[in-house]
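Enquirer: Input file: work-v6.cif. Contents: mmCIF, C-alpha atoms.
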data_run
loop_
_atom_site.group_PDB
_atom_site.id
_atom_site.type_symbol
_atom_site.label_atom_id
_atom_site.label_comp_id
_atom_site.auth_asym_id
_atom_site.auth_seq_id
_atom_site.Cartn_x
_atom_site.Cartn_y
_atom_site.Cartn_z
ATOM 1 C CA MET A 1 95.097 78.111 65.636
ATOM 2 C CA SER A 2 97.732 80.535 64.361
ATOM 3 C CA ALA A 3 100.350 81.962 66.711
ATOM 4 C CA VAL A 4 98.797 85.434 66.475
ATOM 5 C CA SER A 5 95.305 84.154 67.291
ATOM 6 C CA ASN A 6 96.674 82.063 70.141
ATOM 7 C CA LEU A 7 98.557 85.088 71.518
ATOM 8 C CA LEU A 8 95.357 87.125 71.503
ATOM 9 C CA VAL A 9 93.621 84.405 73.517
ATOM 10 C CA VAL A 10 96.487 84.111 76.022
ATOM 11 C CA SER A 11 96.843 87.881 76.392
ATOM 12 C CA ALA A 12 93.118 88.481 76.824
ATOM 13 C CA ALA A 13 92.843 85.716 79.404
ATOM 14 C CA SER A 14 95.911 87.062 81.228
ATOM 15 C CA LEU A 15 94.412 90.540 81.349
ATOM 16 C CA ALA A 16 91.128 89.165 82.714
ATOM 17 C CA VAL A 17 92.909 87.146 85.421
ATOM 18 C CA LEU A 18 94.969 90.161 86.487
ATOM 19 C CA ALA A 19 91.838 92.296 86.661
ATOM 20 C CA VAL A 20 90.297 89.776 89.064
ATOM 21 C CA VAL A 21 93.482 89.602 91.155
ATOM 22 C CA GLN A 22 93.675 93.381 91.485
ATOM 23 C CA ALA A 23 89.950 93.668 92.226
ATOM 24 C CA VAL A 24 90.298 91.171 95.068
ATOM 25 C CA ALA A 25 93.411 92.984 96.326
ATOM 26 C CA PHE A 26 91.530 96.292 96.278
ATOM 27 C CA ALA A 27 88.626 94.809 98.252
ATOM 28 C CA VAL A 28 90.993 93.339 100.838
ATOM 29 C CA GLY A 29 92.932 96.586 101.015
ATOM 30 C CA ARG A 30 89.793 98.611 101.668
ATOM 31 C CA ARG A 31 88.757 96.198 104.394
ATOM 32 C CA ILE A 32 92.070 96.297 106.276
ATOM 33 C CA GLY A 33 92.730 99.984 105.615
ATOM 34 C CA ARG A 34 95.961 99.846 103.622
ATOM 35 C CA VAL A 35 96.797 99.526 99.942
ATOM 36 C CA ASN A 36 100.161 97.794 100.294
ATOM 37 C CA VAL A 37 98.264 94.500 100.031
ATOM 38 C CA VAL A 38 98.866 95.088 96.320
ATOM 39 C CA ASP A 39 102.447 93.924 96.930
ATOM 40 C CA VAL A 40 101.144 90.508 97.939
ATOM 41 C CA ALA A 41 99.062 90.391 94.749
ATOM 42 C CA TRP A 42 102.151 91.194 92.653
ATOM 43 C CA GLY A 43 103.678 87.719 92.788
ATOM 44 C CA VAL A 44 100.309 85.945 92.730
ATOM 45 C CA GLY A 45 99.315 87.741 89.540
ATOM 46 C CA PHE A 46 102.427 86.626 87.660
ATOM 47 C CA VAL A 47 101.968 83.027 88.771
ATOM 48 C CA LEU A 48 98.419 83.019 87.413
ATOM 49 C CA VAL A 49 99.517 84.586 84.116
ATOM 50 C CA ALA A 50 102.218 81.923 83.774
ATOM 51 C CA LEU A 51 99.554 79.275 84.421
ATOM 52 C CA VAL A 52 97.205 80.788 81.832
ATOM 53 C CA ALA A 53 100.058 80.874 79.304
ATOM 54 C CA ALA A 54 101.017 77.256 80.034
ATOM 55 C CA VAL A 55 97.449 75.978 79.742
ATOM 56 C CA LEU A 56 96.164 78.047 76.813
ATOM 57 C CA GLY A 57 99.371 78.376 74.782
ATOM 58 C CA ASP A 58 99.896 76.145 71.745
ATOM 59 C CA GLY A 59 103.676 76.643 71.673
ATOM 60 C CA ASP A 60 106.478 74.414 72.887
ATOM 61 C CA ALA A 61 105.143 72.579 75.971
ATOM 62 C CA GLY A 62 108.514 72.133 77.641
ATOM 63 C CA ARG A 63 109.251 75.855 77.600
ATOM 64 C CA ARG A 64 105.717 76.770 78.693
ATOM 65 C CA TRP A 65 105.878 74.605 81.802
ATOM 66 C CA LEU A 66 109.483 75.547 82.522
ATOM 67 C CA LEU A 67 108.479 79.205 82.676
ATOM 68 C CA PHE A 68 105.458 78.351 84.801
ATOM 69 C CA ALA A 69 107.657 76.466 87.278
ATOM 70 C CA LEU A 70 110.234 79.276 87.487
ATOM 71 C CA VAL A 71 107.619 81.997 87.917
ATOM 72 C CA THR A 72 105.710 79.952 90.499
ATOM 73 C CA VAL A 73 108.783 79.400 92.690
ATOM 74 C CA TRP A 74 109.573 83.130 92.566
ATOM 75 C CA GLY A 75 106.015 84.442 92.825
ATOM 76 C CA VAL A 76 104.848 82.251 95.713
ATOM 77 C CA ARG A 77 107.974 83.035 97.745
ATOM 78 C CA LEU A 78 107.603 86.761 97.097
ATOM 79 C CA SER A 79 103.914 86.905 98.001
ATOM 80 C CA ILE A 80 104.472 84.980 101.233
ATOM 81 C CA HIS A 81 107.382 87.262 102.123
ATOM 82 C CA MET A 82 105.390 90.435 101.418
ATOM 83 C CA HIS A 83 102.496 89.145 103.524
ATOM 84 C CA LEU A 84 104.745 88.332 106.482
ATOM 85 C CA LYS A 85 106.519 91.655 106.093
ATOM 86 C CA SER A 86 103.354 93.754 106.151
ATOM 87 C CA VAL A 87 100.923 91.834 108.377
ATOM 88 C CA GLY A 88 100.067 93.703 111.558
ATOM 89 C CA LYS A 89 101.759 96.881 110.365
ATOM 90 C CA GLY A 90 100.506 100.153 108.914
ATOM 91 C CA GLU A 91 100.625 101.530 105.415
ATOM 92 C CA ASP A 92 103.858 101.449 103.423
ATOM 93 C CA PRO A 93 105.323 105.010 103.383
ATOM 94 C CA ARG A 94 105.839 104.754 99.620
ATOM 95 C CA TYR A 95 102.123 104.316 98.981
ATOM 96 C CA ARG A 96 101.219 106.961 101.533
ATOM 97 C CA GLU A 97 103.438 109.444 99.727
ATOM 98 C CA LEU A 98 102.125 108.368 96.322
ATOM 99 C CA LEU A 99 98.496 108.929 97.345
ATOM 100 C CA GLU A 100 99.299 112.245 99.006
ATOM 101 C CA ARG A 101 100.873 113.475 95.774
ATOM 102 C CA ALA A 102 97.831 112.215 93.852
ATOM 103 C CA GLY A 103 95.482 114.270 96.023
ATOM 104 C CA GLY A 104 94.105 111.779 98.541
ATOM 105 C CA ASP A 105 92.888 108.231 99.018
ATOM 106 C CA SER A 106 89.499 108.393 97.312
ATOM 107 C CA THR A 107 88.315 105.170 95.713
ATOM 108 C CA ALA A 108 88.989 106.453 92.196
ATOM 109 C CA THR A 109 92.495 107.602 93.087
ATOM 110 C CA VAL A 110 93.394 104.346 94.827
ATOM 111 C CA VAL A 111 92.043 102.218 91.971
ATOM 112 C CA LEU A 112 93.735 104.212 89.212
ATOM 113 C CA ARG A 113 97.053 105.079 90.848
ATOM 114 C CA VAL A 114 97.696 101.809 92.666
ATOM 115 C CA PHE A 115 95.693 98.753 91.623
ATOM 116 C CA ALA A 116 94.990 99.503 87.948
ATOM 117 C CA THR A 117 98.545 100.735 87.446
ATOM 118 C CA GLN A 118 100.017 97.609 89.034
ATOM 119 C CA GLY A 119 97.698 95.378 87.020
ATOM 120 C CA ALA A 120 98.702 97.059 83.757
ATOM 121 C CA ALA A 121 102.375 96.769 84.708
ATOM 122 C CA GLN A 122 101.928 93.072 85.488
ATOM 123 C CA TRP A 123 100.348 92.453 82.098
ATOM 124 C CA PHE A 124 103.087 94.296 80.200
ATOM 125 C CA VAL A 125 105.987 92.807 82.185
ATOM 126 C CA SER A 126 104.544 89.318 81.685
ATOM 127 C CA LEU A 127 104.499 89.651 77.875
ATOM 128 C CA PRO A 128 107.553 87.371 77.515
ATOM 129 C CA LEU A 129 105.564 84.616 79.252
ATOM 130 C CA GLN A 130 102.586 85.190 76.995
ATOM 131 C CA VAL A 131 104.581 85.371 73.757
ATOM 132 C CA SER A 132 106.782 82.386 74.582
ATOM 133 C CA ALA A 133 103.674 80.267 75.164
ATOM 134 C CA VAL A 134 102.633 80.499 71.501
ATOM 135 C CA LEU A 135 106.054 79.991 69.871
ATOM 136 C CA GLY A 136 107.625 76.794 68.571
ATOM 137 C CA ALA A 137 110.436 74.705 69.976
ATOM 138 C CA THR A 138 113.824 76.131 70.927
ATOM 139 C CA ARG A 139 116.664 74.962 68.686
ATOM 140 C CA GLY A 140 120.352 75.599 68.088
ATOM 141 C CA PHE A 141 121.797 78.686 69.781
ATOM 142 C CA GLY A 142 118.424 79.268 71.415
ATOM 143 C CA THR A 143 119.211 76.392 73.788
ATOM 144 C CA VAL A 144 122.198 78.385 75.083
ATOM 145 C CA LEU A 145 119.896 81.325 75.782
ATOM 146 C CA VAL A 146 117.573 79.067 77.777
ATOM 147 C CA VAL A 147 120.468 77.811 79.908
ATOM 148 C CA VAL A 148 121.801 81.347 80.463
ATOM 149 C CA GLY A 149 118.271 82.490 81.269
ATOM 150 C CA VAL A 150 117.797 79.792 83.916
ATOM 151 C CA VAL A 151 121.168 80.679 85.461
ATOM 152 C CA ALA A 152 120.247 84.387 85.546
ATOM 153 C CA TRP A 153 116.897 83.463 87.120
ATOM 154 C CA ALA A 154 118.661 81.372 89.783
ATOM 155 C CA VAL A 155 121.156 84.151 90.585
ATOM 156 C CA GLY A 156 118.337 86.666 90.799
ATOM 157 C CA LEU A 157 116.223 84.444 93.039
ATOM 158 C CA ALA A 158 119.212 83.866 95.335
ATOM 159 C CA PHE A 159 119.890 87.600 95.670
ATOM 160 C CA GLU A 160 116.230 88.354 96.336
ATOM 161 C CA ALA A 161 115.556 85.516 98.777
ATOM 162 C CA VAL A 162 118.841 85.769 100.682
ATOM 163 C CA GLY A 163 118.646 89.553 100.813
ATOM 164 C CA ASP A 164 115.101 89.448 102.166
ATOM 165 C CA ARG A 165 116.050 86.817 104.734
ATOM 166 C CA GLN A 166 119.096 88.772 105.911
ATOM 167 C CA MET A 167 117.043 91.945 106.314
ATOM 168 C CA LEU A 168 114.258 90.123 108.155
ATOM 169 C CA ARG A 169 116.704 88.627 110.662
ATOM 170 C CA PHE A 170 118.399 92.008 111.101
ATOM 171 C CA THR A 171 115.186 93.922 111.800
ATOM 172 C CA ARG A 172 113.898 91.286 114.229
ATOM 173 C CA ASP A 173 116.981 91.650 116.448
ATOM 174 C CA PRO A 174 116.304 94.371 119.075
ATOM 175 C CA ALA A 175 120.053 95.096 119.211
ATOM 176 C CA ASN A 176 119.863 96.480 115.667
ATOM 177 C CA ARG A 177 117.156 99.034 116.385
ATOM 178 C CA GLY A 178 118.111 102.367 114.824
ATOM 179 C CA ARG A 179 121.019 100.851 112.890
ATOM 180 C CA ILE A 180 121.479 100.579 109.124
ATOM 181 C CA MET A 181 121.668 97.104 107.631
ATOM 182 C CA ASP A 182 125.094 96.874 105.928
ATOM 183 C CA ARG A 183 125.934 93.188 106.270
ATOM 184 C CA GLY A 184 125.888 90.224 103.903
ATOM 185 C CA LEU A 185 124.545 91.101 100.471
ATOM 186 C CA TRP A 186 123.576 94.522 101.830
ATOM 187 C CA ALA A 187 127.287 95.358 102.032
ATOM 188 C CA TRP A 188 127.580 94.976 98.251
ATOM 189 C CA THR A 189 124.374 96.611 97.078
ATOM 190 C CA ARG A 190 121.845 98.770 98.884
ATOM 191 C CA HIS A 191 119.027 96.821 97.231
ATOM 192 C CA PRO A 192 119.956 93.142 96.744
ATOM 193 C CA ASN A 193 116.282 92.142 96.594
ATOM 194 C CA TYR A 194 115.453 94.625 93.840
ATOM 195 C CA PHE A 195 118.616 93.743 91.899
ATOM 196 C CA GLY A 196 117.747 90.070 92.204
ATOM 197 C CA ASP A 197 114.231 90.691 90.943
ATOM 198 C CA ALA A 198 115.545 92.528 87.884
ATOM 199 C CA CYS A 199 118.130 89.814 87.175
ATOM 200 C CA LEU A 200 115.427 87.164 87.470
ATOM 201 C CA TRP A 201 113.159 88.847 84.924
ATOM 202 C CA TRP A 202 116.010 89.310 82.462
ATOM 203 C CA GLY A 203 116.549 85.555 82.785
ATOM 204 C CA LEU A 204 112.906 84.833 81.993
ATOM 205 C CA TRP A 205 113.152 87.141 78.976
ATOM 206 C CA LEU A 206 116.226 85.268 77.702
ATOM 207 C CA ILE A 207 114.212 82.046 77.756
ATOM 208 C CA CYS A 208 111.510 83.721 75.690
ATOM 209 C CA ALA A 209 114.155 85.239 73.378
ATOM 210 C CA SER A 210 115.403 81.739 72.538
ATOM 211 C CA VAL A 211 112.751 81.633 69.787
ATOM 212 C CA TRP A 212 111.989 84.405 67.290
ATOM 213 C CA PRO A 213 110.254 86.828 67.721
ATOM 214 C CA GLY A 214 110.457 86.469 71.519
ATOM 215 C CA VAL A 215 113.412 88.839 71.605
ATOM 216 C CA LEU A 216 111.043 91.684 70.700
ATOM 217 C CA THR A 217 109.532 91.578 74.201
ATOM 218 C CA VAL A 218 112.711 93.204 75.576
ATOM 219 C CA LEU A 219 110.769 96.281 76.699
ATOM 220 C CA SER A 220 109.163 94.150 79.418
ATOM 221 C CA PRO A 221 112.352 93.485 81.453
ATOM 222 C CA ILE A 222 113.453 97.057 80.745
ATOM 223 C CA LEU A 223 110.219 98.358 82.290
ATOM 224 C CA MET A 224 110.566 95.968 85.225
ATOM 225 C CA THR A 225 114.105 97.181 85.887
ATOM 226 C CA TYR A 226 112.918 100.788 85.664
ATOM 227 C CA PHE A 227 110.187 100.136 88.242
ATOM 228 C CA LEU A 228 112.552 98.319 90.573
ATOM 229 C CA ALA A 229 115.415 100.798 90.413
ATOM 230 C CA TRP A 230 113.767 104.169 89.898
ATOM 231 C CA ALA A 231 109.977 104.435 89.682
ATOM 232 C CA THR A 232 108.445 102.594 92.666
ATOM 233 C CA GLY A 233 111.373 100.631 94.062
ATOM 234 C CA ALA A 234 114.841 101.586 95.221
ATOM 235 C CA ARG A 235 114.850 105.342 94.581
ATOM 236 C CA LEU A 236 111.452 105.847 96.207
ATOM 237 C CA LEU A 237 112.466 103.751 99.210
ATOM 238 C CA GLU A 238 115.651 105.749 99.674
ATOM 239 C CA LYS A 239 113.690 108.987 99.882
ATOM 240 C CA SER A 240 112.181 107.731 103.120
ATOM 241 C CA MET A 241 115.455 106.227 104.354
ATOM 242 C CA VAL A 242 117.818 109.128 103.738
ATOM 243 C CA THR A 243 116.733 110.971 106.898
ATOM 244 C CA ARG A 244 117.812 108.062 109.119
ATOM 245 C CA PRO A 245 121.135 108.515 110.943
ATOM 246 C CA GLY A 246 123.989 106.845 109.101
ATOM 247 C CA TYR A 247 122.146 106.264 105.840
ATOM 248 C CA ARG A 248 124.003 108.911 103.844
ATOM 249 C CA ASP A 249 127.281 107.340 104.916
ATOM 250 C CA TYR A 250 125.895 103.970 103.843
ATOM 251 C CA GLN A 251 125.051 105.458 100.439
ATOM 252 C CA LYS A 252 128.645 106.615 100.027
ATOM 253 C CA ARG A 253 130.084 103.210 100.872
ATOM 254 C CA VAL A 254 127.739 100.782 99.124
ATOM 255 C CA ALA A 255 126.674 100.533 95.470
ATOM 256 C CA PHE A 256 123.122 101.630 94.672
ATOM 257 C CA PHE A 257 121.822 98.724 92.579
ATOM 258 C CA VAL A 258 124.348 96.472 90.835
ATOM 259 C CA PRO A 259 126.538 94.668 93.431
ATOM 260 C CA TRP A 260 130.051 96.045 93.829
ATOM 261 C CA PRO A 261 132.756 95.712 96.514
ATOM 262 C CA PRO A 262 132.040 98.256 99.260
ATOM 263 C CA ARG A 263 134.172 101.407 99.481
ATOM 264 C CA ARG A 264 135.994 102.180 102.711
#
Rewrite the structure of this file - the entire thing - as structure tokens.

Expert:
Amino acid sequence: MSAVSNLLVVSAASLAVLAVVQAVAFAVGRRIGRVNVVDVAWGVGFVLVALVAAVLGDGDAGRRWLLFALVTVWGVRLSIHMHLKSVGKGEDPRYRELLERAGGDSTATVVLRVFATQGAAQWFVSLPLQVSAVLGATRGFGTVLVVVGVVAWAVGLAFEAVGDRQMLRFTRDPANRGRIMDRGLWAWTRHPNYFGDACLWWGLWLICASVWPGVLTVLSPILMTYFLAWATGARLLEKSMVTRPGYRDYQKRVAFFVPWPPRR
């Protein structure tokens, strides 16, 4: 099977799997009365795409299963974290605001603006996984890109996991009620988890870019970074945080996205 034909198979199967994941997430969301269950499906969807790519791809086996392992470690951790973060709580203010702007929470609006949009984003962002699965072995300078990519993935995972853990411990302490988290990684960037996520996906792209024409999937990490920093991530979260006492001062002292020493 040619690389193009194999890519069509992998991409079509990935799209079908993501459609099932989002359909299940929608059904669960309707049952429990909140759409932020889609955040739990985010990591799960990428893990399944990585599995589809590893199983159906005809490309270099070592790189296919390396990407599957990296995505699985990240995706499973993220989905578990999002479940623990949201269980027993109400709707995420970001989604409430999104649906209000869209005109309500009718079935059509919820499907199109939340679940279908997230599914399409998952498919596009995962293109490096799909393309890499049908390409040949990495050689020469490409090996350096793989190593750099794994390092970037590890740095990103550390920022995301440690940042999430620090925030969870902070919010669970009654003494911190009403205070702004500005310790640990949160003293260097206002969104260590989002920065880590972006760094991680640039690392996965570098692994794909180690073989031509994998580099052409660069729009995928660019879109992911856009979502994390501006579209549905950091900027949207800050709109709901800016009214909290002390948050504007926190914004003045701490970098928005990329870590930087805090200003006095």

Enquirer: With the PyMOL selection byres ((chain A and resi 52-66) around 9) as the selection, what would be picked from this file? Answer as an MDAnalysis selection string, please.

Expert: chainID A and resid 1:3 6:7 9:11 13:14 17 47:51 67:71 129:138 146 207:208

Enquirer: Got a sec to check which residues sit within 8 Å of (117.8, 95.3, 92.4), counting only C-alpha atoms, and write them as an NGL selection string?

Expert: :A and (191-199 or 225 or 228-229 or 234 or 257-258)

Enquirer: Which of these residues is nearest to Lys85 (chain A), using only C-alpha atoms: A:Val151, A:Leu204, A:Met167, A:Val4?

Expert: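 For Lys85 (chain A), the nearest of the candidates is A:Met167.
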
Enquirer: Please identify all polymer residues within 12 Å of Ile80 (chain A), counting all atoms listed in the file, omitting same-chain residues fewer than 5 positions from it, and present them as a list in words.

Expert: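 Neighbouring residues, sequence-local ones excluded: Val37, Asp39, Val40, Ala41, Trp42, Gly43, Val44, Thr72, Val73, Trp74, Gly75, Lys85, Ser86, Val87, Ala161 and Asp164 of chain A.
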
Enquirer: With C-alpha atoms retained, could you export that selection as a short mmCIF file (atom, residue, chain, number, x, y, z; two decimals), in the coordinates of the input?

Expert:
data_model
loop_
_atom_site.label_atom_id
_atom_site.label_comp_id
_atom_site.auth_asym_id
_atom_site.auth_seq_id
_atom_site.Cartn_x
_atom_site.Cartn_y
_atom_site.Cartn_z
CA VAL A 37 98.26 94.50 100.03
CA ASP A 39 102.45 93.92 96.93
CA VAL A 40 101.14 90.51 97.94
CA ALA A 41 99.06 90.39 94.75
CA TRP A 42 102.15 91.19 92.65
CA GLY A 43 103.68 87.72 92.79
CA VAL A 44 100.31 85.94 92.73
CA THR A 72 105.71 79.95 90.50
CA VAL A 73 108.78 79.40 92.69
CA TRP A 74 109.57 83.13 92.57
CA GLY A 75 106.02 84.44 92.82
CA LYS A 85 106.52 91.66 106.09
CA SER A 86 103.35 93.75 106.15
CA VAL A 87 100.92 91.83 108.38
CA ALA A 161 115.56 85.52 98.78
CA ASP A 164 115.10 89.45 102.17
#

Enquirer: What gap, in Å, lies between CA of Gly203 (chain A) and CA of Leu236 (chain A)?

Expert: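 Separating CA of Gly203 (chain A) from CA of Leu236 (chain A) is a distance of 24.9 Å.
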
Enquirer: So, with all atoms listed in the file as the atoms that count, which of A:Arg169, A:Gly104, A:Val144, A:Ala187 lies closest to Trp260 (chain A)?

Expert: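 Residue with the minimum atom-to-atom distance to Trp260 (chain A): A:Ala187.
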
Enquirer: Hey, can I get the axis-aligned box for region 158-171 of chain A? All listed atoms, 4 Å padding on each side, centre and edge lengths in Å to one decimal, as AutoDock Vina command-line options.

Expert:
--center_x 117.1 --center_y 88.9 --center_z 103.6 --size_x 13.6 --size_y 18.1 --size_z 24.5

Enquirer: May I ask which of the residues A:Val111, A:Leu185, A:Leu127, A:Val148 is the closest one to Gly163 (chain A), counting all atoms listed in the file?

Expert: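 Closest residue, counting all atoms listed in the file: A:Leu185.
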
Enquirer: Identify the residues around (95.5, 109.7, 99.4) within a radius of 12 Å, measuring from all atoms listed in the file in the coordinates stated by the file, and give them as an MDAnalysis selection string.

Expert: chainID A and resid 33:35 91 93:114

Enquirer: Would you work out the distance separating CA of Ala23 (chain A) from CA of Ser126 (chain A), expressed in Å to one decimal?

Expert: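 Separation of CA of Ala23 (chain A) and CA of Ser126 (chain A): 18.5 Å.
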
Enquirer: Choose the residue, out of A:Ser210, A:Asn176, A:Met82, A:Trp201, that has the smallest atom-to-atom separation from Thr143 (chain A); count all atoms listed in the file.

Expert: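 The closest residue to Thr143 (chain A) is A:Ser210.
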
Enquirer: Enter the distance from CA of Asn36 (chain A) to CA of His83 (chain A), in Å, rounded to one decimal.

Expert: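 Atom-to-atom, CA of Asn36 (chain A) and CA of His83 (chain A) are spaced 9.5 Å apart.
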
Enquirer: From the set A:Leu18, A:Ile180, A:Thr171, A:Val150, which residue has the shortest atom-to-atom contact distance to Thr243 (chain A), counting all atoms listed in the file?

Expert: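 Ranking A:Leu18, A:Ile180, A:Thr171, A:Val150 by distance to Thr243 (chain A), first place goes to A:Ile180.
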
Enquirer: Counting all atoms listed in the file, what is within 9 Å of region 247-250 of chain A, bar same-chain residues fewer than 2 positions away, as a PyMOL selection string?

Expert: chain A and resi 179-182+187+190+238+241-245+252-254

Enquirer: From the set A:Gln251, A:Ser240, A:Ser220, A:Gln122, which residue has the shortest atom-to-atom contact distance to Trp186 (chain A), counting all atoms listed in the file?

Expert: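 Result for the nearest residue to Trp186 (chain A): A:Gln251.
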